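Have a look at model.cif; it's mmCIF, C-alpha atoms and all ligand atoms:
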```
data_start
#
loop_
_atom_site.label_atom_id
_atom_site.label_comp_id
_atom_site.auth_asym_id
_atom_site.auth_seq_id
_atom_site.Cartn_x
_atom_site.Cartn_y
_atom_site.Cartn_z
CA MET A 602 -7.59 -12.24 8.68
CA LEU A 603 -6.39 -9.41 10.89
CA ASP A 604 -6.82 -9.13 14.62
CA PRO A 605 -9.25 -6.44 15.71
CA ILE A 606 -7.80 -3.03 16.62
CA LYS A 607 -8.88 -2.16 20.16
CA GLN A 608 -8.66 0.99 22.22
CA ASN A 609 -10.58 2.04 25.34
CA ASN A 610 -13.85 0.12 24.98
CA LYS A 611 -13.86 0.41 21.17
CA SER A 612 -12.90 -2.01 18.40
CA VAL A 613 -12.45 -2.10 14.66
CA TYR A 614 -12.76 -5.40 12.83
CA PRO A 615 -11.03 -4.93 9.46
CA ILE A 616 -12.34 -6.83 6.45
CA ILE A 617 -9.51 -6.63 3.90
CA PHE A 618 -10.42 -8.64 0.81
CA PRO A 619 -7.27 -9.42 -1.23
CA LEU A 620 -8.09 -8.62 -4.84
CA LYS A 621 -6.30 -6.88 -7.66
CA TYR A 622 -8.63 -3.94 -8.27
CA GLY A 623 -7.22 -1.43 -10.77
CA ALA A 624 -3.82 -0.48 -9.35
CA MET A 625 -4.91 -1.60 -5.87
CA LYS A 626 -4.49 -4.91 -4.12
CA SER A 627 -7.50 -5.07 -1.81
CA VAL A 628 -11.08 -3.96 -1.28
CA ASN A 629 -11.81 -3.06 2.35
CA CYS A 630 -14.66 -2.45 4.72
CA TYR A 631 -14.79 -2.24 8.51
CA LEU A 632 -16.95 -3.12 11.46
CA TYR A 633 -16.68 -0.38 14.05
CA ASP A 634 -17.85 -1.10 17.59
CA ASN A 635 -17.96 2.02 19.76
CA GLY A 636 -18.96 0.06 22.87
CA SER A 637 -22.71 0.33 22.32
CA THR A 638 -23.41 -0.03 18.59
CA LEU A 639 -21.88 -1.97 15.73
CA THR A 640 -21.52 -0.03 12.48
CA LEU A 641 -20.49 -1.37 9.10
CA ILE A 642 -18.38 1.26 7.35
CA ASP A 643 -18.57 0.71 3.56
CA GLY A 644 -19.76 -2.43 1.82
CA GLY A 645 -17.11 -3.74 -0.58
CA ILE A 646 -17.86 -5.09 -4.05
CA LYS A 647 -20.82 -7.04 -5.32
CA THR A 648 -19.39 -10.49 -6.09
CA PRO A 649 -20.09 -13.93 -4.57
CA GLU A 650 -16.39 -14.12 -3.56
CA PHE A 651 -16.55 -10.89 -1.62
CA MET A 652 -19.83 -11.94 0.06
CA ASP A 653 -18.24 -15.26 1.13
CA PHE A 654 -15.19 -13.45 2.49
CA PHE A 655 -17.46 -10.99 4.32
CA ASN A 656 -19.41 -13.84 5.96
CA GLU A 657 -16.22 -15.72 6.87
CA SER A 658 -14.80 -12.54 8.41
CA LEU A 659 -17.91 -12.03 10.53
CA LYS A 660 -17.63 -15.62 11.72
CA HIS A 661 -13.93 -15.22 12.49
CA TYR A 662 -14.75 -12.19 14.65
CA ARG A 663 -17.70 -14.07 16.26
CA LEU A 664 -20.20 -11.63 14.79
CA SER A 665 -23.18 -11.96 12.47
CA ILE A 666 -25.25 -9.75 10.15
CA GLU A 667 -27.86 -9.65 12.93
CA ASP A 668 -25.34 -7.73 15.09
CA ILE A 669 -24.98 -4.86 12.59
CA ASP A 670 -26.95 -1.81 13.79
CA GLN A 671 -26.31 0.60 10.94
CA ILE A 672 -24.21 1.29 7.85
CA PHE A 673 -22.01 4.33 7.14
CA LEU A 674 -20.82 4.96 3.58
CA THR A 675 -17.69 7.04 2.88
CA HIS A 676 -18.93 7.59 -0.71
CA HIS A 677 -21.21 6.06 -3.33
CA HIS A 678 -18.79 4.18 -5.62
CA ASP A 679 -19.66 0.59 -6.63
CA ASP A 680 -16.73 -0.90 -4.72
CA HIS A 681 -18.05 0.53 -1.43
CA ILE A 682 -21.68 -0.63 -1.52
CA GLY A 683 -21.48 -4.26 -2.71
CA VAL A 684 -23.03 -6.14 0.23
CA VAL A 685 -25.41 -3.40 1.39
CA ASN A 686 -28.56 -4.76 -0.31
CA THR A 687 -27.79 -8.31 0.86
CA ILE A 688 -27.53 -7.07 4.45
CA LEU A 689 -30.75 -5.06 4.06
CA SER A 690 -32.57 -8.17 2.77
CA LYS A 691 -31.70 -9.88 6.09
CA LYS A 692 -31.99 -6.94 8.43
CA GLN A 693 -33.33 -3.44 7.73
CA VAL A 694 -30.78 -1.03 9.20
CA PRO A 695 -30.38 2.70 8.59
CA ILE A 696 -27.75 3.90 6.13
CA TYR A 697 -25.88 7.16 6.56
CA ALA A 698 -24.10 8.89 3.68
CA HIS A 699 -23.33 12.40 2.50
CA LYS A 700 -26.40 14.19 1.11
CA LYS A 701 -24.82 14.25 -2.37
CA ALA A 702 -24.53 10.46 -2.25
CA ILE A 703 -28.29 9.96 -2.10
CA PRO A 704 -29.30 10.33 -5.80
CA ARG A 705 -26.21 8.30 -6.66
CA LEU A 706 -27.07 5.48 -4.23
CA ARG A 707 -30.69 5.51 -5.44
CA PHE A 708 -29.45 5.21 -9.04
CA ASP A 709 -31.84 8.09 -9.69
CA LYS A 710 -32.92 8.19 -13.33
CA VAL A 711 -32.43 11.94 -13.80
CA TYR A 712 -29.01 11.77 -12.15
CA LEU A 713 -27.86 8.87 -14.36
CA GLN A 714 -29.13 10.55 -17.54
CA ASN A 715 -27.39 13.80 -16.53
CA LYS A 716 -24.20 11.83 -15.96
CA ILE A 717 -24.32 10.35 -19.46
CA ASP A 718 -25.05 13.78 -21.02
CA PHE A 719 -22.33 15.46 -18.95
CA PHE A 720 -19.61 13.00 -19.94
CA LYS A 721 -20.68 13.03 -23.58
CA ASP A 722 -20.22 16.82 -23.76
CA LEU A 723 -17.05 16.72 -21.67
CA TYR A 724 -15.31 14.01 -23.69
CA GLU A 725 -16.32 15.75 -26.90
CA GLU A 726 -14.81 19.07 -25.79
CA TYR A 727 -11.68 17.34 -24.55
CA GLY A 728 -11.38 15.31 -27.75
CA CYS A 729 -11.52 11.82 -26.24
CA LEU A 730 -15.02 10.67 -27.15
CA HIS A 731 -13.48 8.08 -29.51
CA LEU A 732 -11.78 6.38 -26.53
CA SER A 733 -14.88 6.23 -24.33
CA GLU A 734 -17.10 3.64 -25.99
CA LYS A 735 -16.80 1.09 -23.15
CA ARG A 736 -17.52 3.74 -20.53
CA PHE A 737 -20.83 4.67 -22.24
CA GLU A 738 -21.77 1.02 -22.66
CA LYS A 739 -21.34 0.64 -18.89
CA MET A 740 -23.25 3.83 -18.05
CA ASN A 741 -26.15 2.83 -20.34
CA GLN A 742 -26.19 -0.61 -18.75
CA THR A 743 -26.37 0.98 -15.30
CA LEU A 744 -29.30 3.17 -16.40
CA LYS A 745 -31.10 0.10 -17.73
CA ASN A 746 -30.51 -1.96 -14.57
CA ARG A 747 -31.06 0.85 -12.10
CA ASN A 748 -33.91 -0.89 -10.29
CA GLU A 749 -31.76 -3.89 -9.41
CA LEU A 750 -28.74 -1.79 -8.49
CA LYS A 751 -30.31 0.86 -6.28
CA ILE A 752 -29.85 0.72 -2.52
CA ARG A 753 -33.07 -0.52 -0.96
CA GLY A 754 -33.23 1.03 2.47
CA ASP A 755 -33.58 4.30 4.37
CA ILE A 756 -30.65 6.59 3.63
CA TYR A 757 -30.07 9.51 6.00
CA PRO A 758 -28.15 12.54 4.70
CA LEU A 759 -24.95 13.74 6.35
CA GLN A 760 -22.99 16.94 5.99
CA GLU A 761 -19.91 18.71 7.34
CA GLY A 762 -19.77 18.83 11.13
CA ASP A 763 -22.50 16.26 11.85
CA MET A 764 -21.77 13.96 14.78
CA ILE A 765 -22.89 10.39 14.38
CA GLU A 766 -22.22 7.90 17.15
CA ASP A 767 -18.75 9.11 18.22
CA CYS A 768 -17.69 10.15 14.74
CA LYS A 769 -17.42 13.60 13.29
CA VAL A 770 -18.39 13.88 9.62
CA ILE A 771 -15.79 15.75 7.56
CA GLU A 772 -16.49 16.52 3.90
CA VAL A 773 -13.52 15.58 1.70
CA PRO A 774 -14.56 15.97 -1.96
CA GLY A 775 -12.10 15.25 -4.76
CA HIS A 776 -12.14 11.48 -5.12
CA SER A 777 -15.91 11.93 -5.45
CA PRO A 778 -18.20 14.90 -4.61
CA ASP A 779 -19.81 12.96 -1.73
CA SER A 780 -16.63 11.68 -0.01
CA VAL A 781 -16.54 12.00 3.79
CA ILE A 782 -14.26 11.01 6.65
CA PHE A 783 -15.81 9.43 9.74
CA TYR A 784 -13.45 10.60 12.46
CA ASP A 785 -13.50 9.24 16.01
CA GLU A 786 -11.32 11.78 17.79
CA SER A 787 -11.35 10.00 21.16
CA VAL A 788 -9.22 7.19 19.73
CA GLY A 789 -7.72 8.98 16.70
CA TRP A 790 -9.35 6.79 14.07
CA GLN A 791 -10.01 8.06 10.55
CA PHE A 792 -12.31 6.06 8.29
CA LEU A 793 -11.54 8.00 5.14
CA GLY A 794 -12.66 5.90 2.19
CA ASP A 795 -10.42 6.48 -0.82
CA LEU A 796 -8.95 9.85 0.22
CA VAL A 797 -5.60 8.45 1.35
CA LEU A 798 -4.58 4.99 0.15
CA GLU A 799 -1.20 3.71 1.25
CA ASN A 800 1.35 3.70 -1.61
CA ILE A 801 -1.29 4.70 -4.17
CA SER A 802 -1.06 7.92 -6.08
CA THR A 803 -3.70 10.67 -6.01
CA ASN A 804 -7.09 9.54 -7.22
CA ALA A 805 -9.43 12.37 -8.02
CA LEU A 806 -12.11 11.17 -10.42
CA LEU A 807 -13.93 13.56 -12.75
CA ASP A 808 -17.42 14.46 -11.61
CA PHE A 809 -19.95 17.28 -11.93
CA ASP A 810 -21.84 19.69 -9.70
CA ASP A 811 -25.58 20.42 -9.47
CA ASN A 812 -25.34 22.72 -12.52
CA LEU A 813 -23.67 19.97 -14.56
CA GLN A 814 -20.32 21.76 -14.49
CA LEU A 815 -17.00 19.95 -14.17
CA LEU A 816 -15.74 20.05 -10.58
CA PRO A 817 -12.15 21.17 -9.87
CA THR A 818 -11.39 17.67 -8.62
CA VAL A 819 -7.63 17.93 -8.05
CA THR A 820 -7.96 21.28 -6.25
CA GLN A 821 -10.71 19.77 -4.10
CA TYR A 822 -8.65 16.66 -3.46
CA GLU A 823 -5.65 18.72 -2.37
CA SER A 824 -7.67 20.79 0.09
CA SER A 825 -9.36 17.64 1.42
CA LEU A 826 -5.91 16.20 2.19
CA SER A 827 -5.21 19.42 4.12
CA LYS A 828 -8.33 18.78 6.21
CA SER A 829 -7.26 15.23 7.07
CA LEU A 830 -3.62 16.12 7.84
CA PRO A 831 -3.97 17.99 11.17
CA LEU A 832 -6.40 15.48 12.73
CA TYR A 833 -4.90 13.61 15.68
CA THR A 834 -4.58 10.11 14.22
CA ASN A 835 -3.64 6.68 15.53
CA TRP A 836 -5.01 4.58 12.71
CA VAL A 837 -6.17 5.19 9.16
CA PHE A 838 -8.81 2.78 7.88
CA ALA A 839 -8.92 3.23 4.11
CA GLY A 840 -11.08 1.79 1.34
CA HIS A 841 -8.18 -0.12 -0.24
CA GLU A 842 -4.66 -1.27 0.61
CA ASN A 843 -3.39 -1.66 4.18
CA ILE A 844 -4.58 0.00 7.34
CA PHE A 845 -1.74 2.23 8.52
CA GLN A 846 -0.45 4.62 11.19
CA HIS A 847 2.07 6.85 9.38
CA HIS A 848 -0.69 9.23 8.35
CA GLU A 849 1.27 12.50 8.07
CA LYS A 850 4.02 10.87 6.03
CA GLU A 851 1.46 9.39 3.63
CA ILE A 852 -0.28 12.74 3.13
CA GLU A 853 3.00 14.64 2.63
CA ASN A 854 3.80 12.03 0.01
CA LYS A 855 0.46 12.70 -1.75
CA PHE A 856 1.20 16.45 -1.83
CA GLU A 857 4.54 15.73 -3.49
CA ARG A 858 2.90 13.48 -6.03
CA ILE A 859 0.35 16.17 -6.90
CA LYS A 860 3.23 18.55 -7.69
CA LYS A 861 5.03 15.86 -9.73
CA LYS A 862 1.93 15.02 -11.74
CA GLU A 863 1.27 18.67 -12.43
CA SER A 864 4.87 19.09 -13.68
CA ARG A 865 4.53 16.07 -15.98
CA ILE A 866 1.39 17.51 -17.58
CA ILE A 867 3.00 20.94 -18.02
CA GLU A 868 6.05 19.28 -19.54
CA ALA A 869 3.95 17.28 -22.01
CA VAL A 870 2.04 20.41 -23.05
CA GLY A 871 5.37 22.27 -23.31
CA ASN A 872 6.62 19.50 -25.62
CA GLY A 873 3.86 20.35 -28.06
CA TYR A 874 1.08 17.92 -27.14
CA GLN A 875 -1.93 20.23 -27.39
CA VAL A 876 -5.00 18.02 -27.09
CA THR A 877 -6.09 15.67 -24.31
CA ALA A 878 -5.85 12.39 -26.25
CA ASP A 879 -2.28 13.18 -27.40
CA ILE A 880 -1.22 14.12 -23.87
CA ALA A 881 -2.72 10.87 -22.56
CA GLU A 882 -1.02 8.85 -25.29
CA ALA A 883 2.34 10.56 -24.64
CA LEU A 884 2.14 9.80 -20.90
CA TYR A 885 0.37 6.44 -20.82
CA GLY A 886 0.47 4.89 -24.31
CA LYS A 887 -1.87 1.94 -24.82
CA ARG A 888 -2.72 1.64 -21.12
CA ILE A 889 -5.56 4.11 -21.68
CA GLU A 890 -7.64 1.35 -23.31
CA ASN A 891 -8.05 -0.53 -20.02
CA LEU A 892 -7.72 2.34 -17.58
CA PHE A 893 -9.65 5.02 -19.48
CA VAL A 894 -11.60 6.45 -16.52
CA PHE A 895 -8.54 6.75 -14.27
CA ILE A 896 -6.15 8.10 -16.89
CA ILE A 897 -8.60 10.61 -18.40
CA SER A 898 -9.58 11.77 -14.89
CA GLU A 899 -5.93 12.39 -14.18
CA ILE A 900 -5.12 14.16 -17.46
CA ILE A 901 -8.18 16.45 -17.51
CA GLY A 902 -8.05 16.92 -13.72
CA TYR A 903 -4.41 18.04 -13.79
CA LEU A 904 -4.83 20.18 -16.92
CA GLU A 905 -7.60 22.07 -15.13
CA TYR A 906 -5.52 22.21 -11.94
CA ALA A 907 -2.56 23.73 -13.83
CA ILE A 908 -4.96 26.20 -15.53
CA SER A 909 -6.34 27.27 -12.14
CA ARG A 910 -2.76 27.91 -11.02
CA GLY A 911 -2.00 30.01 -14.10
CA LYS A 912 0.53 27.56 -15.57
CA ILE A 913 -1.43 26.37 -18.60
CA GLU A 914 -4.07 28.04 -20.74
CA LYS A 915 -6.72 26.58 -23.02
CA ARG A 916 -8.39 27.73 -26.21
CA MET A 917 -11.41 26.26 -27.98
CA ILE A 918 -10.56 25.47 -31.60
CA ASN A 919 -13.24 23.76 -33.74
CA GLY A 920 -15.15 22.68 -30.64
CA GLN A 921 -12.11 21.15 -28.93
CA TRP A 922 -9.86 22.42 -26.15
CA HIS A 923 -6.23 23.06 -27.09
CA PHE A 924 -3.67 23.59 -24.35
CA SER A 925 -0.47 25.60 -24.20
CA VAL A 926 1.98 26.61 -21.49
CA THR A 927 1.38 30.14 -20.18
CA GLY A 928 3.78 32.95 -21.01
ZN ZN A 1001 -12.78 2.51 -3.78
#
```

In structure tokens, what does this structure look like?
Amino acid sequence: MLDPIKQNNKSVYPIIFPLKYGAMKSVNCYLYDNGSTLTLIDGGIKTPEFMDFFNESLKHYRLSIEDIDQIFLTHHHDDHIGVVNTILSKKQVPIYAHKKAIPRLRFDKVYLQNKIDFFKDLYEEYGCLHLSEKRFEKMNQTLKNRNELKIRGDIYPLQEGDMIEDCKVIEVPGHSPDSVIFYDESVGWQFLGDLVLENISTNALLDFDDNLQLLPTVTQYESSLSKSLPLYTNWVFAGHENIFQHHEKEIENKFERIKKKESRIIEAVGNGYQVTADIAEALYGKRIENLFVFIISEIIGYLEYAISRGKIEKRMINGQWHFSVTG
């Protein structure tokens, strides 16, 4: 376990659970003590092993669940809310998350049904419905079990510019529509969820807006990186991988990788791969079976990104998008 990071009268107690999770090697959450209150930032995954590690970490830092005053969530994904209900069953504390996180954290029935409908139409138009069986099984399971999964506590909505404790709330959509940074400027600490993960490529996951339209996730992700970059930063506390200090270098690296990924997609389309599934197969082969959500998010995300930059165009043929290089 790591030593706490201390500055002025403030501390962060990192909880870095070593686990192979997709391409990542840990699942993280943090206890943030600003001198007067103790905040849990994110809640890890929902497994007995994570819960044990969480309890051991508290003990190691001479803290207990009773000491936690509130919970901040950087976004709604499963791997960031795992222990929240367990904590709430022992102590009712307020939860703060972006306003768009609320229906997602409540596992709202209309939201979940919209999600299923949205992805069904999307995958059909992008010709990859035949690869998505497992994803729909999981989404239907979530809809069925929504009462057990939903966060059982008071959730308070946040938005751009809010100040909470000593942290400024900065909206950084792209990884998810509800992603935020909690930024304590006085010590230069960024709690930024999955926006910038050390050594991990870009990770903008497909999602939809209030009108059930596909969001320009890669464009959003890129401009969110630009919001994080100029912030005076001593430490980055991310949702996975190591905590780190070389923040500018890491973000410059992400910008380069966005350009590289865009070039790869344009090249594949230029080589004659016209439909999404063929592009995915050309770039990732069989790996798509186990990493469907990540790979399809990348392919569709970057196709749309290249379209928005005038490098690729798309045409609907027999209900399916076909792509070609512009010019
Ligand atoms: Zn995550």

Query raised in the report: Taking all atoms listed in the file into account, which of A:Met602, A:Ile669, A:Leu798, A:Leu759 comes nearest ligand ZN 1001 (chain A)?
Result: A:Leu798

**Report entry** Neighbourhood of ligand ZN 1001 (chain A) at 6 Å, counting only C-alpha atoms and all ligand atoms, reported as a ChimeraX atom specification
**Finding:** /A:680,795,840

Report summary line: Students should find that atom CA of A:Leu904 and atom CA of A:Ile717 are spaced 22.0 Å

Report summary line: Across A:Ser780, A:Gln693, A:Thr648, A:Ser829, the smallest distance to A:His677, with only C-alpha atoms counted, is shown by A:Ser780

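For the set A:Glu667, A:Arg707, A:Lys701, A:Ile880, the residue with the smallest atom-to-atom gap to A:Leu689 is A:Glu667, counting all atoms listed in the file.
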
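Across the model, the gap from atom CA of A:Asn804 to atom CA of A:Ile606 is 27.0 Å.
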
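Between atom CA of A:Asn746 and atom CA of A:Ile616 the separation is 28.2 Å.
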
To box stretch 634-640 of chain A, take all atoms listed in the file, fit an axis-aligned box, add 3 Å on each side, and give centre and edge lengths in Å to one decimal, as lines of an AutoDock Vina configuration file.
```
center_x = -20.6
center_y = 0.0
center_z = 17.7
size_x = 11.6
size_y = 10.0
size_z = 16.4
```

Rows by chain and residue number, stretch 646-761 of chain A within 9 Å of stretch 791-794 of chain A, shortest pair, all atoms listed in the file, as CSV:
```
residue,atom,partner,partner_atom,distance
A:Leu674,CA,A:Gly794,CA,8.3
A:Thr675,CA,A:Gly794,CA,5.2
A:His676,CA,A:Gly794,CA,7.1
A:His681,CA,A:Gly794,CA,8.4
```

Report summary line: The residue from A:Pro704, A:Pro615, A:Gly623, A:Gly728 with the smallest atom-to-atom distance to A:Ile801, counting all atoms listed in the file, is A:Gly623

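Across A:Ile901, A:Ile666, A:Val894, A:Leu807, the tightest approach to A:Val876 is made by A:Ile901 when counting all atoms listed in the file.
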
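In terms of minimum interatomic distance to A:Ser787, A:Asp767 ranks closest within A:Glu899, A:Asp767, A:Glu863, A:Glu734, counting only C-alpha atoms.
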
Show me, as a compact mmCIF listing (two decimals) with C-alpha atoms, in the frame of the given file, the residues that have an atom within 12 Å of stretch 866-875 of chain A when counting all atoms listed in the file, minus same-chain residues fewer than 6 positions from it.
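Wrote it out as around-v9.txt, contents follow:
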```txt
# COMPACT_ATOMS: atom_id res chain seq x y z
CA TYR A 727 -11.68 17.34 -24.55
CA GLY A 728 -11.38 15.31 -27.75
CA ILE A 859 0.35 16.17 -6.90
CA LYS A 860 3.23 18.55 -7.69
CA ALA A 881 -2.72 10.87 -22.56
CA GLU A 882 -1.02 8.85 -25.29
CA ALA A 883 2.34 10.56 -24.64
CA LEU A 884 2.14 9.80 -20.90
CA TYR A 885 0.37 6.44 -20.82
CA GLU A 899 -5.93 12.39 -14.18
CA ILE A 900 -5.12 14.16 -17.46
CA ILE A 901 -8.18 16.45 -17.51
CA GLY A 902 -8.05 16.92 -13.72
CA TYR A 903 -4.41 18.04 -13.79
CA LEU A 904 -4.83 20.18 -16.92
CA GLU A 905 -7.60 22.07 -15.13
CA TYR A 906 -5.52 22.21 -11.94
CA ALA A 907 -2.56 23.73 -13.83
CA ILE A 908 -4.96 26.20 -15.53
CA ARG A 910 -2.76 27.91 -11.02
CA GLY A 911 -2.00 30.01 -14.10
CA LYS A 912 0.53 27.56 -15.57
CA ILE A 913 -1.43 26.37 -18.60
CA GLU A 914 -4.07 28.04 -20.74
CA LYS A 915 -6.72 26.58 -23.02
CA ARG A 916 -8.39 27.73 -26.21
CA MET A 917 -11.41 26.26 -27.98
CA ILE A 918 -10.56 25.47 -31.60
CA GLN A 921 -12.11 21.15 -28.93
CA TRP A 922 -9.86 22.42 -26.15
CA HIS A 923 -6.23 23.06 -27.09
CA PHE A 924 -3.67 23.59 -24.35
CA SER A 925 -0.47 25.60 -24.20
CA VAL A 926 1.98 26.61 -21.49
CA THR A 927 1.38 30.14 -20.18
CA GLY A 928 3.78 32.95 -21.01
```

For the point (-7.4, -2.4, 1.5) in file coordinates, what residues are within 9 Å, counting all atoms listed in the file? Give the answer as a tab-separated table (two decimals) with C-alpha atoms, in the frame of the given file?
```
chain	number	residue	atom	x	y	z
A	616	ILE	CA	-12.34	-6.83	6.45
A	617	ILE	CA	-9.51	-6.63	3.90
A	618	PHE	CA	-10.42	-8.64	0.81
A	619	PRO	CA	-7.27	-9.42	-1.23
A	620	LEU	CA	-8.09	-8.62	-4.84
A	625	MET	CA	-4.91	-1.60	-5.87
A	626	LYS	CA	-4.49	-4.91	-4.12
A	627	SER	CA	-7.50	-5.07	-1.81
A	628	VAL	CA	-11.08	-3.96	-1.28
A	629	ASN	CA	-11.81	-3.06	2.35
A	630	CYS	CA	-14.66	-2.45	4.72
A	798	LEU	CA	-4.58	4.99	0.15
A	799	GLU	CA	-1.20	3.71	1.25
A	838	PHE	CA	-8.81	2.78	7.88
A	839	ALA	CA	-8.92	3.23	4.11
A	840	GLY	CA	-11.08	1.79	1.34
A	841	HIS	CA	-8.18	-0.12	-0.24
A	842	GLU	CA	-4.66	-1.27	0.61
A	843	ASN	CA	-3.39	-1.66	4.18
A	844	ILE	CA	-4.58	0.00	7.34
```
